[in-house]
Amino acid sequence: MAASLASLPTSHFVNSSRFPRRRIDSYCSKKNLEVRCCSSEYNQRGIFSSVKECAISLALSASLIASVPSIVSPPNAYAAAAANPAISDVSVLISGPPIKDPGALLRYALPIDNKAIREVQKPLEDITDSLKIAGLKALDSVERNVRQANRSLQQGKSMIVAGFAESKKEHGNEMIEKLEAGMQDMLQIVEDRKRDAVAPKQKQILQYVGGIEEDMVDGFPYEVPEEYRNMPLLKGRATVDMKVKIKDNPNVEDCVFRIVLDGYNAPVTAGNFVDLVERHFYDGMEIQRSDGFVVQTGDPEGPAEGFIDPSTEKTRTVPLEIMVTGKKTPFYGSTLEELGLYKAQVMLPFNAFGTMAMAREEFENDSGSSQVFWLLKESELTPSNSNILDGRYAVFGYVTQNEDFLADLKVGDVIESIQVVSGLENLANPSYKIAA
């Protein structure tokens with residue numbers, strides 16, 4: 001196996017060409033009325049036979065590299081993290097099949113310890129599984145989900161309200177009212193036997209749940225290690241829209257991918273990316289790899305294979321950054337395997353189609369710079385912490401809208417622009433302002 005991995009081609013990176021930036025939209029425009037992202041072709045994407053699973057994961061890991069120099073990893077960068085106590089028993093609440101929905105993954109990744117709201121959230125998330133039941137029989141299961149969530153909300157409301165950050169209490173209470181009304185609307189949908197209306201209402205209700213949970217976060221919850229403290233840091237979350245011009249496709253002309261970046265669990269990695277976005281580093285850059293497993297970009301023109309910081313004239317690199325469930329700060333500079341944490345659960349797993357992570361040199365943990373990739377797979381292939389990627393590459397976000405269209409991207413398609421649409425105020429130490 002090792003010999004075959006060593007012989008895998010690594011020439012997946014091509015030079016980009018620059019194109020003028022254009023106005024960003026919030027949709028994927030089509031050249032005809034066919035909506036391919038809802039077809040069975042997309043629903044079946046990523047489902048391979050079990051014989052191929054190991055080979056796919058190993059080959060993917062071996063080739064997700066960006067040849068950039070590394071920085072020195074501090075020997076005690078993870079010592080403080082190991083000493084931190086667990087923050088919650090969320091893993092008990094989300095045990096079972098791997099969670100694939102990016103919104104659910106982001107909700108569970110928030111740095112909160114409030115069991116009451118998690119007990120409201122879980123049955124509402126479980127509506128997704130209830131809808132796998134054929135026909136109108138699914139509605140009976142949906143009703144049980146909603147009633148369970150409503151009971152949990154009424155029983156735990158005082159604990160939920162007590163968990164709000166002081167400055168967010170008013171908004172949090174508004175979200176609770178909207179959640180209660182939304183669940184009553186869902187029960188009416190069930191009574192009216194309108195199965196097609198369930199999923200949109202579920203999405204809306206879970207957005208209220210997410211809002212409640214975000215209102216429990218009171219500032220950034222920990223200190224980044226001193227050696228990284230002056231780098232661009234995303235102390236919270238940010239949302240970006242990436243507009244891509246898709247060539248030679250009869251169905252899709254251009255598409256906007258909405259991406260939520262999670263600085264709570266990867267502040268250095270996400271901050272580095274947001275800083276590059278504000279420098280317009282990716283605008284006009286081509287998709288440089290698209291092989292059915294990942295879509296990748298970020299290799300600039302010229303000999304450099306990462307971002308050259310004008311202030312130092314050297315490649316800016318970021319450390320490998322992995323947050324583990326039950327810890328308050330990420331591990332830096334080491335894979336979980338190197339730390340001996342073989343059973344640790346990562347907060348941001350490679351579960352969702354469109355998981356976004358930092359590419360790096362295979363044997364240099366701290367060599368990430370500007371090359372990023374999005375994973376194209378279903379999580380049944382490699383469940384959380386049973387695959388070759390979790391704990392080895394730094395996940396820092398998920399595509400939350402139009403992720404199915406990632407599989408339509410080809411080498412040579414052009415990123416017309418990436419723009420921050422919310423959360424820029426959470427970026428600390430922005431180097432792009434110094435450059436400007």
# chains A, B, ... in the order shown; residues from 1 in each chain; ligands from 1
$ select_by_dssp --residues "region 127-185 of chain A" --states "helix (DSSP H, G or I)" --output "VMD selection string"
chain A and resid 127 to 130 137 to 162 166 to 185
$ atom_distance --atom1 "CA of Met175 (chain A)" --atom2 "CA of Ile212 (chain A)"
6.0 Å
$ closest_residue --among "A:Met358, A:Ile176, A:Leu131, A:Ala165" --to "Gly210 (chain A)" --atoms "only C-alpha atoms"
A:Ile176
$ closest_residue --among "A:Tyr282, A:Ser431, A:Phe273, A:Gln202" --to "Thr312 (chain A)" --atoms "only C-alpha atoms"
A:Ser431
$ atom_distance --atom1 "CA of Gly172 (chain A)" --atom2 "CA of Val240 (chain A)"
24.3 Å
$ select_by_dssp --residues "region 136-336 of chain A" --states "strand (DSSP E)" --output "ChimeraX atom specification"
/A:233-234,237-245,252-262,289-290,294-297,308-309,314-315,321-322,331-332
$ residues_around --residues "Asp101 (chain A)" --least-positions-apart "6" --cutoff "9 Å" --atoms "only C-alpha atoms" --output "PyMOL selection string"
chain A and resi 351-353+400
$ residues_around --residues "Ser158 (chain A)" --least-positions-apart "6" --cutoff "12 Å" --atoms "only C-alpha atoms" --output "list in words"
Asn114, Lys115, Ala116, Ile117, Ser152, Phe164, Asn173 and Ile176 of chain A
$ write_last_selection --atoms "N, CA and C atoms" --output "CSV table (one decimal), in the first residue's frame"
chain,number,residue,atom,x,y,z
A,114,ASN,N,-25.2,23.8,27.2
A,114,ASN,CA,-26.6,23.9,27.6
A,114,ASN,C,-27.4,22.7,27.1
A,115,LYS,N,-27.5,21.7,28.0
A,115,LYS,CA,-28.1,20.5,27.6
A,115,LYS,C,-29.6,20.7,27.2
A,116,ALA,N,-30.2,21.7,27.9
A,116,ALA,CA,-31.7,21.9,27.6
A,116,ALA,C,-31.9,22.2,26.1
A,117,ILE,N,-31.1,23.1,25.5
A,117,ILE,CA,-31.4,23.5,24.1
A,117,ILE,C,-30.9,22.3,23.2
A,152,SER,N,-39.5,19.3,25.5
A,152,SER,CA,-38.2,19.7,26.0
A,152,SER,C,-38.0,21.2,26.2
A,164,PHE,N,-28.3,32.5,28.1
A,164,PHE,CA,-28.1,33.6,27.2
A,164,PHE,C,-27.0,34.5,27.7
A,173,ASN,N,-34.7,35.7,23.6
A,173,ASN,CA,-36.1,35.5,23.9
A,173,ASN,C,-37.0,35.6,22.7
A,176,ILE,N,-36.8,32.3,20.9
A,176,ILE,CA,-37.7,31.3,21.6
A,176,ILE,C,-39.1,31.5,21.1
$ atom_distance --atom1 "CA of Gly326 (chain A)" --atom2 "CA of Leu105 (chain A)"
15.5 Å
